[in-house]
$ cat model-v6.cif   # mmCIF, C-alpha atoms and all ligand atoms
data_query
#
loop_
_atom_site.label_atom_id
_atom_site.label_comp_id
_atom_site.auth_asym_id
_atom_site.auth_seq_id
_atom_site.Cartn_x
_atom_site.Cartn_y
_atom_site.Cartn_z
CA MET E 1 228.65 -50.07 169.04
CA LEU E 2 225.70 -48.71 167.08
CA SER E 3 222.18 -50.23 167.23
CA TYR E 4 218.91 -49.17 165.69
CA GLN E 5 216.46 -49.74 168.52
CA VAL E 6 212.73 -49.90 169.09
CA ILE E 7 212.29 -47.10 171.63
CA GLU E 8 208.51 -47.03 171.40
CA ASN E 9 206.29 -49.66 169.72
CA GLY E 10 205.36 -48.55 166.20
CA ALA E 11 207.48 -45.37 166.30
CA PRO E 12 210.56 -45.09 164.07
CA LEU E 13 213.64 -46.98 165.28
CA GLU E 14 216.33 -44.73 166.70
CA PRO E 15 220.11 -45.05 166.52
CA ARG E 16 221.79 -45.62 169.89
CA GLU E 17 225.51 -45.78 170.70
CA ARG E 18 226.83 -47.85 173.57
CA GLU E 19 230.08 -49.52 174.57
CA THR E 20 230.77 -52.68 172.56
CA PRO E 21 230.28 -55.53 175.06
CA ALA E 22 233.19 -57.79 175.92
CA PRO E 23 232.06 -61.45 175.62
CA GLU E 24 231.83 -63.33 178.92
CA GLY E 25 231.97 -67.09 179.60
CA THR E 26 231.06 -69.01 176.45
CA GLU E 27 229.85 -65.89 174.61
CA VAL E 28 231.17 -64.87 171.21
CA LEU E 29 231.19 -61.30 169.87
CA VAL E 30 230.25 -61.16 166.18
CA ARG E 31 230.76 -58.12 163.94
CA VAL E 32 227.57 -57.95 161.86
CA ALA E 33 228.02 -58.16 158.08
CA ALA E 34 224.30 -58.27 157.24
CA CYS E 35 220.95 -58.75 158.95
CA GLY E 36 217.69 -59.70 157.23
CA VAL E 37 214.49 -57.74 157.82
CA CYS E 38 211.74 -60.27 158.55
CA HIS E 39 207.97 -59.96 158.56
CA SER E 40 207.92 -60.96 162.23
CA ASP E 41 209.98 -57.84 162.95
CA LEU E 42 206.86 -55.87 162.01
CA HIS E 43 204.97 -57.55 164.88
CA LEU E 44 207.82 -56.96 167.30
CA TRP E 45 208.03 -53.34 166.24
CA GLU E 46 204.27 -52.78 166.49
CA GLY E 47 204.17 -54.80 169.71
CA GLU E 48 201.13 -57.00 169.03
CA TYR E 49 199.54 -59.92 167.22
CA LEU E 50 195.87 -59.93 166.18
CA LEU E 51 193.91 -62.81 167.75
CA GLY E 52 190.54 -62.01 166.18
CA ASP E 53 187.26 -60.78 167.71
CA GLY E 54 189.06 -57.53 168.57
CA LYS E 55 191.51 -59.37 170.86
CA LYS E 56 195.25 -58.81 170.70
CA LEU E 57 198.29 -60.59 172.05
CA THR E 58 200.70 -57.90 173.13
CA LEU E 59 204.41 -58.52 173.28
CA ALA E 60 204.59 -56.47 176.48
CA ASP E 61 202.41 -59.20 178.09
CA ARG E 62 205.05 -61.68 177.01
CA GLY E 63 207.82 -59.62 178.55
CA ILE E 64 209.11 -58.01 175.35
CA LYS E 65 209.21 -54.28 176.02
CA PRO E 66 211.17 -51.42 174.46
CA PRO E 67 213.93 -50.46 174.28
CA PHE E 68 215.25 -53.45 172.35
CA THR E 69 217.18 -54.24 169.18
CA MET E 70 215.49 -56.37 166.53
CA GLY E 71 217.22 -58.51 163.92
CA HIS E 72 217.29 -62.31 164.07
CA GLU E 73 218.78 -63.08 160.62
CA VAL E 74 222.38 -62.27 161.43
CA VAL E 75 225.59 -63.10 159.61
CA GLY E 76 229.02 -61.80 160.46
CA VAL E 77 232.64 -62.29 161.48
CA VAL E 78 233.84 -63.55 164.87
CA GLU E 79 235.56 -60.60 166.53
CA ALA E 80 236.20 -61.78 170.11
CA LEU E 81 235.69 -64.89 172.25
CA GLY E 82 234.74 -65.17 175.91
CA PRO E 83 237.23 -67.05 178.14
CA ASP E 84 235.22 -70.31 177.88
CA ALA E 85 234.16 -70.05 174.21
CA GLU E 86 235.21 -72.96 172.01
CA GLY E 87 234.69 -74.03 168.42
CA VAL E 88 235.36 -70.81 166.48
CA GLU E 89 238.34 -68.53 165.86
CA VAL E 90 238.57 -64.78 165.48
CA GLY E 91 237.97 -63.99 161.79
CA ASP E 92 235.61 -66.95 161.16
CA LYS E 93 232.58 -66.06 159.05
CA ARG E 94 229.39 -67.47 160.53
CA VAL E 95 225.59 -67.40 160.36
CA VAL E 96 223.89 -67.07 163.75
CA TYR E 97 221.19 -69.53 164.86
CA PRO E 98 219.03 -67.10 166.87
CA TRP E 99 216.29 -69.36 168.40
CA ILE E 100 218.09 -69.92 171.66
CA GLY E 101 216.61 -71.23 174.92
CA CYS E 102 217.86 -70.88 178.47
CA GLY E 103 220.26 -73.80 177.98
CA SER E 104 219.59 -75.42 181.34
CA CYS E 105 215.93 -76.54 181.55
CA ASP E 106 214.61 -79.99 180.65
CA VAL E 107 213.64 -79.22 177.04
CA CYS E 108 216.89 -77.32 176.39
CA ARG E 109 218.92 -80.29 177.63
CA ARG E 110 216.97 -82.48 175.18
CA ASP E 111 217.86 -80.10 172.27
CA ARG E 112 214.27 -78.81 172.05
CA GLU E 113 215.16 -75.21 172.80
CA LEU E 114 212.20 -73.88 170.81
CA GLU E 115 209.93 -75.20 173.58
CA CYS E 116 211.91 -73.46 176.34
CA LEU E 117 209.86 -71.11 178.51
CA ASN E 118 212.84 -68.80 179.08
CA GLN E 119 213.91 -67.92 175.54
CA ARG E 120 217.00 -65.88 174.74
CA THR E 121 216.08 -65.38 171.08
CA ILE E 122 218.54 -63.03 169.40
CA GLY E 123 216.66 -60.03 168.02
CA VAL E 124 213.67 -60.64 170.28
CA ARG E 125 214.70 -61.15 173.91
CA TRP E 126 218.43 -60.64 173.36
CA PRO E 127 219.98 -57.72 171.41
CA GLY E 128 219.77 -58.45 167.69
CA GLY E 129 221.40 -57.64 164.39
CA TYR E 130 220.02 -54.18 163.57
CA ALA E 131 223.44 -53.20 164.88
CA ASP E 132 227.12 -53.42 164.04
CA HIS E 133 227.80 -56.09 166.71
CA VAL E 134 225.92 -59.00 168.28
CA VAL E 135 226.83 -61.15 171.27
CA VAL E 136 226.01 -64.85 170.78
CA PRO E 137 225.67 -66.96 173.98
CA ASP E 138 227.67 -69.92 172.66
CA ALA E 139 229.73 -70.85 169.58
CA LYS E 140 227.44 -73.84 168.97
CA TYR E 141 224.93 -71.36 167.54
CA LEU E 142 227.42 -70.20 164.88
CA ILE E 143 227.29 -72.07 161.58
CA ASP E 144 229.72 -72.10 158.68
CA TYR E 145 228.39 -70.79 155.37
CA THR E 146 231.40 -71.35 153.10
CA GLY E 147 230.37 -71.03 149.47
CA VAL E 148 227.13 -69.17 150.18
CA PRO E 149 226.94 -65.38 149.53
CA THR E 150 226.98 -63.50 152.84
CA GLU E 151 223.74 -61.57 152.24
CA LEU E 152 221.93 -64.76 151.29
CA ALA E 153 223.36 -66.79 154.19
CA CYS E 154 221.62 -64.71 156.87
CA THR E 155 218.20 -65.35 155.33
CA TYR E 156 218.56 -69.06 156.12
CA ALA E 157 218.43 -68.34 159.89
CA CYS E 158 214.74 -67.46 159.73
CA SER E 159 212.98 -67.53 156.38
CA GLY E 160 215.01 -70.50 155.07
CA LEU E 161 214.82 -72.41 158.35
CA THR E 162 211.12 -71.69 158.84
CA ALA E 163 210.36 -72.85 155.31
CA TYR E 164 212.46 -76.00 155.66
CA SER E 165 210.98 -77.01 159.02
CA ALA E 166 207.42 -76.44 157.74
CA LEU E 167 208.13 -78.56 154.64
CA LYS E 168 209.35 -81.40 156.88
CA LYS E 169 206.15 -81.16 158.96
CA THR E 170 203.92 -81.74 155.90
CA GLY E 171 204.57 -85.48 156.08
CA ALA E 172 204.84 -85.55 152.25
CA GLU E 173 206.63 -88.80 151.43
CA THR E 174 206.17 -89.80 147.80
CA ALA E 175 205.84 -88.27 144.33
CA ALA E 176 202.06 -88.53 144.78
CA ASP E 177 202.15 -86.18 147.78
CA ASP E 178 201.67 -82.69 146.35
CA VAL E 179 202.10 -79.64 148.59
CA VAL E 180 200.39 -76.26 148.29
CA LEU E 181 202.42 -73.27 149.49
CA ILE E 182 200.18 -70.32 150.34
CA GLY E 183 201.86 -66.91 150.16
CA ALA E 184 204.98 -66.26 148.09
CA GLY E 185 206.64 -63.63 150.29
CA GLY E 186 210.11 -64.15 151.77
CA VAL E 187 209.32 -67.39 153.62
CA GLY E 188 207.02 -68.80 150.94
CA LEU E 189 209.67 -68.26 148.28
CA SER E 190 212.22 -69.95 150.53
CA ALA E 191 209.86 -72.93 150.70
CA VAL E 192 209.82 -73.03 146.91
CA VAL E 193 213.62 -73.17 146.71
CA PHE E 194 213.96 -75.74 149.52
CA GLY E 195 210.90 -77.65 148.32
CA LYS E 196 212.61 -80.03 145.94
CA SER E 197 215.01 -81.15 148.68
CA VAL E 198 212.11 -82.26 150.91
CA VAL E 199 209.03 -82.88 148.72
CA GLU E 200 208.93 -85.26 145.75
CA GLY E 201 205.43 -84.27 144.65
CA LYS E 202 204.35 -81.08 142.93
CA LEU E 203 204.88 -77.70 144.58
CA ILE E 204 201.84 -75.52 143.93
CA VAL E 205 202.14 -71.89 144.97
CA ALA E 206 199.04 -69.85 145.76
CA ASP E 207 199.30 -66.07 145.95
CA VAL E 208 196.88 -63.25 145.14
CA ASP E 209 199.70 -61.18 143.59
CA ALA E 210 200.58 -62.00 139.95
CA THR E 211 204.15 -60.65 140.35
CA LYS E 212 204.77 -62.96 143.30
CA ARG E 213 203.27 -65.92 141.40
CA SER E 214 205.58 -65.29 138.48
CA LEU E 215 208.58 -65.01 140.83
CA ALA E 216 207.52 -68.32 142.40
CA ARG E 217 207.45 -69.96 138.96
CA GLN E 218 210.91 -68.61 138.16
CA SER E 219 212.11 -69.97 141.52
CA GLY E 220 210.93 -73.51 140.76
CA ALA E 221 207.21 -73.82 141.57
CA ASP E 222 205.53 -76.48 139.41
CA GLU E 223 202.20 -74.66 139.30
CA THR E 224 200.74 -71.41 140.61
CA VAL E 225 197.17 -70.38 141.40
CA ASP E 226 195.49 -67.13 142.37
CA ASN E 227 193.83 -68.12 145.66
CA ALA E 228 191.42 -65.16 145.38
CA ALA E 229 190.01 -66.54 142.09
CA PRO E 230 186.59 -68.26 142.43
CA ASP E 231 187.88 -71.48 140.81
CA ALA E 232 191.13 -71.63 142.85
CA ILE E 233 190.13 -74.69 144.93
CA ALA E 234 188.87 -76.55 141.85
CA LYS E 235 192.12 -75.75 140.07
CA VAL E 236 194.24 -77.21 142.89
CA LYS E 237 192.00 -80.32 142.98
CA GLU E 238 192.54 -80.72 139.24
CA ILE E 239 196.33 -80.27 139.43
CA THR E 240 196.60 -82.73 142.34
CA GLY E 241 194.07 -85.25 141.07
CA GLY E 242 191.68 -84.82 144.00
CA GLY E 243 193.49 -82.81 146.67
CA ALA E 244 196.90 -82.00 148.09
CA ALA E 245 198.64 -84.09 150.75
CA ALA E 246 199.48 -80.90 152.57
CA ALA E 247 199.25 -77.14 152.49
CA ILE E 248 201.49 -74.68 154.27
CA ASP E 249 199.91 -71.36 155.17
CA PHE E 250 202.69 -68.78 155.19
CA VAL E 251 200.19 -65.92 155.61
CA GLY E 252 198.05 -66.94 158.58
CA ARG E 253 194.80 -65.15 157.79
CA PRO E 254 191.39 -66.85 158.05
CA GLU E 255 191.04 -66.76 154.23
CA THR E 256 194.40 -68.42 153.62
CA ALA E 257 193.97 -71.08 156.33
CA ARG E 258 190.48 -71.91 155.03
CA PHE E 259 191.86 -72.15 151.50
CA GLY E 260 194.59 -74.47 152.80
CA LEU E 261 192.05 -76.78 154.49
CA ASN E 262 189.79 -76.79 151.43
CA VAL E 263 192.49 -77.99 149.02
CA LEU E 264 193.50 -80.99 151.17
CA ARG E 265 192.70 -84.58 150.34
CA LYS E 266 191.64 -87.08 153.02
CA GLY E 267 194.26 -87.36 155.75
CA GLY E 268 195.85 -84.11 154.62
CA THR E 269 197.84 -81.74 156.81
CA LEU E 270 197.65 -77.97 157.10
CA VAL E 271 200.86 -76.51 158.49
CA SER E 272 200.20 -73.07 159.94
CA VAL E 273 203.20 -70.73 159.85
CA GLY E 274 202.12 -67.15 159.06
CA LEU E 275 201.41 -64.70 161.87
CA TYR E 276 199.12 -62.28 160.08
CA GLY E 277 196.41 -62.97 162.67
CA ASP E 278 192.65 -62.90 163.26
CA ALA E 279 190.41 -65.91 163.99
CA MET E 280 188.34 -68.42 161.99
CA SER E 281 185.65 -71.03 162.57
CA LEU E 282 185.91 -74.67 161.48
CA PRO E 283 183.14 -77.06 160.41
CA MET E 284 183.91 -79.67 163.09
CA VAL E 285 182.58 -82.73 161.25
CA MET E 286 185.05 -82.18 158.42
CA MET E 287 187.97 -82.80 160.78
CA PRO E 288 187.08 -86.46 161.54
CA LEU E 289 185.38 -87.20 158.18
CA MET E 290 188.40 -85.95 156.28
CA MET E 291 190.89 -87.09 158.97
CA LEU E 292 192.57 -83.70 158.72
CA ASN E 293 195.60 -82.51 160.67
CA ILE E 294 196.38 -78.95 161.61
CA ARG E 295 199.76 -78.22 163.10
CA GLY E 296 201.61 -75.06 163.93
CA SER E 297 205.24 -74.55 163.02
CA TYR E 298 207.53 -71.88 164.42
CA VAL E 299 210.99 -71.37 162.86
CA GLY E 300 213.08 -74.57 163.25
CA THR E 301 215.53 -76.45 165.46
CA LEU E 302 219.32 -76.09 165.59
CA GLN E 303 219.56 -79.54 164.00
CA GLU E 304 217.32 -78.36 161.12
CA MET E 305 219.49 -75.24 160.77
CA HIS E 306 222.51 -77.51 160.25
CA GLU E 307 220.54 -79.42 157.58
CA VAL E 308 219.54 -76.15 155.89
CA MET E 309 223.14 -74.93 155.77
CA GLU E 310 224.36 -78.31 154.51
CA LEU E 311 221.93 -78.05 151.57
CA ALA E 312 222.94 -74.43 150.95
CA ARG E 313 226.68 -75.15 151.09
CA ALA E 314 226.19 -78.09 148.69
CA GLY E 315 224.62 -75.67 146.18
CA LYS E 316 221.26 -77.48 146.31
CA VAL E 317 219.21 -74.37 147.07
CA PRO E 318 218.58 -71.80 144.32
CA PRO E 319 219.06 -68.29 145.78
CA ILE E 320 216.04 -66.14 146.61
CA PRO E 321 216.29 -62.48 145.49
CA VAL E 322 218.14 -60.49 148.16
CA ALA E 323 218.60 -56.72 148.15
CA SER E 324 221.02 -54.85 150.45
CA ARG E 325 220.32 -51.53 152.13
CA PRO E 326 222.36 -49.58 154.68
CA LEU E 327 221.47 -50.13 158.35
CA ALA E 328 220.43 -46.46 158.53
CA ASP E 329 217.54 -47.33 156.15
CA ALA E 330 216.00 -49.74 158.71
CA ASN E 331 212.81 -47.68 159.09
CA ALA E 332 212.29 -47.31 155.34
CA VAL E 333 212.75 -51.06 154.84
CA LEU E 334 210.25 -51.90 157.60
CA ASN E 335 207.71 -49.55 156.01
CA ASP E 336 208.29 -51.09 152.55
CA LEU E 337 207.81 -54.55 154.03
CA ARG E 338 204.58 -53.55 155.74
CA ASP E 339 203.33 -52.09 152.44
CA GLY E 340 204.10 -55.33 150.57
CA GLN E 341 206.77 -53.58 148.48
CA ILE E 342 209.54 -56.12 149.05
CA LEU E 343 210.18 -59.10 146.77
CA GLY E 344 212.25 -61.83 148.41
CA ARG E 345 214.43 -60.47 151.21
CA THR E 346 216.07 -57.17 152.09
CA VAL E 347 219.13 -57.20 154.35
CA LEU E 348 220.60 -54.30 156.31
CA LYS E 349 224.34 -53.75 156.26
CA PRO E 350 226.07 -51.66 158.93
ZN ZN V 1 212.02 -64.02 161.01
ZN ZN V 2 215.38 -73.81 178.48
#

$ encode --input "model-v6.cif" --output "structure tokens"
Amino acid sequence: MLSYQVIENGAPLEPRERETPAPEGTEVLVRVAACGVCHSDLHLWEGEYLLGDGKKLTLADRGIKPPFTMGHEVVGVVEALGPDAEGVEVGDKRVVYPWIGCGSCDVCRRDRELECLNQRTIGVRWPGGYADHVVVPDAKYLIDYTGVPTELACTYACSGLTAYSALKKTGAETAADDVVLIGAGGVGLSAVVFGKSVVEGKLIVADVDATKRSLARQSGADETVDNAAPDAIAKVKEITGGGAAAAIDFVGRPETARFGLNVLRKGGTLVSVGLYGDAMSLPMVMMPLMMLNIRGSYVGTLQEMHEVMELARAGKVPPIPVASRPLADANAVLNDLRDGQILGRTVLKP
């Protein structure tokens, strides 16, 4: 099998050939049809997150060291089953749920694998989809996508799932609960298209890029604002009649998080999703006086992935723009993504 691997953090990925693994136990071998290139792949590739004040969180400290194969938005065809694998047949087309825990600890047994301390995330700690084959630990992580275009289906495993889970964490309940989505990149746009399935109130998209704002409007955003404009907060207050019930920060910079907090009404919630990095200070008295909530959200659960795919299969989710490139273009796509040159999602096809 062929993989494009990180050999050295930040250096171009390199093609590597190795024997295609035979699935063992409950494992399933999937022939990759497409794999999305995600913003978080940039962090994996570069090997660090920025914590602010010159501090960094390196992936090597977290046990993620080259060589490894990225790619956690994988879709493909079942090619072989391990002797104990059940629930799929050779030839089945499936999307892979990649956020897999050890399977045996307390949180894994309670279906809270995201909290597992011994992750087996495909494309992070387990060989991923920048390759022509992927081994999946169990068929329960393979989800039917009948009726959904293959290239689009893989985007639901990360950007779609992340967006959906963050929308659910806003606590928006009624038509009066408006939600501000900050950042209209791949995940932010996914939140726009899933938004109407979760949020009854207005969806207001904030982005500094006019092209991305216009794409957000075409994708179903009720309103858009330029969050770099001096009147941006006032504009959101006007649209929402005093403040939003929630904001989701899909960027994760101090400026975007601060903007998110500043547009909230009393009791509002900021859901922090983006991993751009750096640090910010908070005026402490505003937290109790405004009864604000800040919560982090990382991808989503297997149960939420089933909900996402149910909505997609039912045709309730307008497609985000998806472009296909050959797997051999992996480096060029990563560079384009880093330079902000990608609208929606780009998928690699072996
Ligand atoms: Zn991702
Ligand atoms: Zn576990």

$ axis_aligned_box --input "model-v6.cif" --around "stretch 26-43 of chain E" --padding-each-side "6 Å" --output "lines of an AutoDock Vina configuration file"
center_x = 218.1
center_y = -62.4
center_z = 166.8
size_x = 38.2
size_y = 25.1
size_z = 31.2

$ residues_near_ligand --input "model-v6.cif" --ligand "ligand ZN 1 (chain V)" --cutoff "7 Å" --atoms "all atoms listed in the file" --output "ChimeraX atom specification"
/E:38-41,72-73,158-159

$ residues_near_ligand --input "model-v6.cif" --ligand "ligand ZN 2 (chain V)" --cutoff "12 Å" --atoms "all atoms listed in the file" --output "list in words"
Trp99, Ile100, Gly101, Cys102, Gly103, Ser104, Cys105, Asp106, Val107, Cys108, Arg109, Arg110, Asp111, Arg112, Glu113, Leu114, Glu115, Cys116, Leu117, Asn118, Gln119, Arg120 and Thr121 of chain E

$ residues_around --input "model-v6.cif" --residues "stretch 336-343 of chain E" --least-positions-apart "3" --cutoff "8 Å" --atoms "all atoms listed in the file" --output "PyMOL selection string"
chain E and resi 39+42+185-186+212+321+332-333+346

$ closest_residue --input "model-v6.cif" --among "E:Phe250, E:Phe194, E:Trp45, E:Tyr298" --to "E:Ile64" --atoms "only C-alpha atoms"
E:Trp45

$ closest_residue --input "model-v6.cif" --among "E:Ala191, E:Ala85, E:Ala176, E:Met284" --to "E:Val28" --atoms "all atoms listed in the file"
E:Ala85

$ residues_near_point --input "model-v6.cif" --point "(208.2, -67.5, 149.1)" --cutoff "10 Å" --atoms "all atoms listed in the file" --output "ChimeraX atom specification"
/E:159-160,163,181-193,205,207,212-213,215-216,219,221,250,320,343-345

$ atom_distance --input "model-v6.cif" --atom1 "atom CA of E:Phe68" --atom2 "atom CA of E:Gln5"
5.5 Å

$ atom_distance --input "model-v6.cif" --atom1 "atom CA of E:Leu161" --atom2 "atom CA of E:Arg253"
21.3 Å

$ residues_around --input "model-v6.cif" --residues "E:Ile233" --least-positions-apart "2" --cutoff "7 Å" --atoms "all atoms listed in the file" --output "list in words"
Asp231, Lys235, Val236, Lys237, Asn262 and Val263 of chain E

$ write_last_selection --input "model-v6.cif" --atoms "C-alpha atoms" --output "PDB file, in the coordinates of the input"
ATOM      1  CA  ASP E 231     187.880 -71.480 140.810  1.00  0.00           C
ATOM      2  CA  LYS E 235     192.120 -75.750 140.070  1.00  0.00           C
ATOM      3  CA  VAL E 236     194.240 -77.210 142.890  1.00  0.00           C
ATOM      4  CA  LYS E 237     192.000 -80.320 142.980  1.00  0.00           C
ATOM      5  CA  ASN E 262     189.790 -76.790 151.430  1.00  0.00           C
ATOM      6  CA  VAL E 263     192.490 -77.990 149.020  1.00  0.00           C
TER       7      VAL E 263
END

$ closest_atom_pairs --input "model-v6.cif" --of "stretch 255-300 of chain E" --to "stretch 171-174 of chain E" --cutoff "12 Å" --atoms "all atoms listed in the file" --output "tab-separated table"
residue	atom	partner	partner_atom	distance
E:Gly267	CA	E:Gly171	CA	10.5
E:Gly268	CA	E:Gly171	CA	8.9
E:Thr269	CA	E:Gly171	CA	7.7
E:Leu270	CA	E:Gly171	CA	10.3
E:Val271	CA	E:Gly171	CA	10.0
E:Asn293	CA	E:Gly171	CA	10.5
E:Ile294	CA	E:Gly171	CA	11.8
E:Arg295	CA	E:Gly171	CA	11.2

$ closest_atom_pairs --input "model-v6.cif" --of "stretch 23-79 of chain E" --to "stretch 133-152 of chain E" --cutoff "9 Å" --atoms "all atoms listed in the file" --output "tab-separated table"
residue	atom	partner	partner_atom	distance
E:Pro23	CA	E:Val135	CA	6.8
E:Glu24	CA	E:Pro137	CA	8.7
E:Gly25	CA	E:Pro137	CA	8.4
E:Thr26	CA	E:Asp138	CA	5.2
E:Glu27	CA	E:Pro137	CA	4.4
E:Val28	CA	E:Val136	CA	5.2
E:Leu29	CA	E:Val135	CA	4.6
E:Val30	CA	E:Val134	CA	5.3
E:Arg31	CA	E:His133	CA	4.5
E:Val32	CA	E:His133	CA	5.2
E:Ala33	CA	E:Thr150	CA	7.6
E:Ala34	CA	E:Glu151	CA	6.0
E:Cys35	CA	E:Glu151	CA	7.8
E:Gly36	CA	E:Glu151	CA	8.1
E:Val74	CA	E:Val134	CA	8.4
E:Val75	CA	E:Thr150	CA	6.9
E:Gly76	CA	E:Thr150	CA	8.1
E:Glu79	CA	E:His133	CA	9.0

$ closest_residue --input "model-v6.cif" --among "E:Met305, E:Ala153, E:Leu59, E:Leu203" --to "E:Ile239" --atoms "all atoms listed in the file"
E:Leu203

$ closest_residue --input "model-v6.cif" --among "E:Ser272, E:Asn227, E:Thr211, E:Asn331" --to "E:Met70" --atoms "only C-alpha atoms"
E:Asn331

$ build_atoms --input "model-v6.cif" --residues "stretch 275-286 of chain E" --atoms "N, CA, C and O atoms" --output "PDB file, in the frame of the given file"
ATOM      1  N   LEU E 275     201.862 -65.341 160.631  1.00  0.00           N
ATOM      2  CA  LEU E 275     201.410 -64.700 161.870  1.00  0.00           C
ATOM      3  C   LEU E 275     200.552 -63.478 161.599  1.00  0.00           C
ATOM      4  O   LEU E 275     200.462 -62.572 162.418  1.00  0.00           O
ATOM      5  N   TYR E 276     199.910 -63.455 160.414  1.00  0.00           N
ATOM      6  CA  TYR E 276     199.120 -62.280 160.080  1.00  0.00           C
ATOM      7  C   TYR E 276     198.056 -62.027 161.161  1.00  0.00           C
ATOM      8  O   TYR E 276     197.879 -60.928 161.639  1.00  0.00           O
ATOM      9  N   GLY E 277     197.331 -63.107 161.542  1.00  0.00           N
ATOM     10  CA  GLY E 277     196.410 -62.970 162.670  1.00  0.00           C
ATOM     11  C   GLY E 277     194.945 -63.043 162.316  1.00  0.00           C
ATOM     12  O   GLY E 277     194.565 -63.317 161.189  1.00  0.00           O
ATOM     13  N   ASP E 278     194.106 -62.796 163.311  1.00  0.00           N
ATOM     14  CA  ASP E 278     192.650 -62.900 163.260  1.00  0.00           C
ATOM     15  C   ASP E 278     192.217 -64.345 163.574  1.00  0.00           C
ATOM     16  O   ASP E 278     193.058 -65.194 163.840  1.00  0.00           O
ATOM     17  N   ALA E 279     190.924 -64.618 163.561  1.00  0.00           N
ATOM     18  CA  ALA E 279     190.410 -65.910 163.990  1.00  0.00           C
ATOM     19  C   ALA E 279     189.467 -66.474 162.926  1.00  0.00           C
ATOM     20  O   ALA E 279     188.916 -65.733 162.122  1.00  0.00           O
ATOM     21  N   MET E 280     189.256 -67.801 162.946  1.00  0.00           N
ATOM     22  CA  MET E 280     188.340 -68.420 161.990  1.00  0.00           C
ATOM     23  C   MET E 280     187.548 -69.524 162.676  1.00  0.00           C
ATOM     24  O   MET E 280     187.936 -70.027 163.719  1.00  0.00           O
ATOM     25  N   SER E 281     186.402 -69.903 162.051  1.00  0.00           N
ATOM     26  CA  SER E 281     185.650 -71.030 162.570  1.00  0.00           C
ATOM     27  C   SER E 281     185.869 -72.232 161.657  1.00  0.00           C
ATOM     28  O   SER E 281     186.221 -72.076 160.493  1.00  0.00           O
ATOM     29  N   LEU E 282     185.675 -73.428 162.228  1.00  0.00           N
ATOM     30  CA  LEU E 282     185.910 -74.670 161.480  1.00  0.00           C
ATOM     31  C   LEU E 282     184.651 -75.515 161.500  1.00  0.00           C
ATOM     32  O   LEU E 282     184.037 -75.672 162.559  1.00  0.00           O
ATOM     33  N   PRO E 283     184.236 -76.083 160.359  1.00  0.00           N
ATOM     34  CA  PRO E 283     183.140 -77.060 160.410  1.00  0.00           C
ATOM     35  C   PRO E 283     183.667 -78.342 161.058  1.00  0.00           C
ATOM     36  O   PRO E 283     184.469 -79.064 160.456  1.00  0.00           O
ATOM     37  N   MET E 284     183.271 -78.603 162.308  1.00  0.00           N
ATOM     38  CA  MET E 284     183.910 -79.670 163.090  1.00  0.00           C
ATOM     39  C   MET E 284     183.843 -81.046 162.425  1.00  0.00           C
ATOM     40  O   MET E 284     184.797 -81.805 162.484  1.00  0.00           O
ATOM     41  N   VAL E 285     182.689 -81.368 161.792  1.00  0.00           N
ATOM     42  CA  VAL E 285     182.580 -82.730 161.250  1.00  0.00           C
ATOM     43  C   VAL E 285     183.596 -83.012 160.147  1.00  0.00           C
ATOM     44  O   VAL E 285     183.949 -84.169 159.906  1.00  0.00           O
ATOM     45  N   MET E 286     184.083 -81.943 159.491  1.00  0.00           N
ATOM     46  CA  MET E 286     185.050 -82.180 158.420  1.00  0.00           C
ATOM     47  C   MET E 286     186.387 -82.694 158.969  1.00  0.00           C
ATOM     48  O   MET E 286     187.116 -83.385 158.263  1.00  0.00           O
TER      49      MET E 286
END
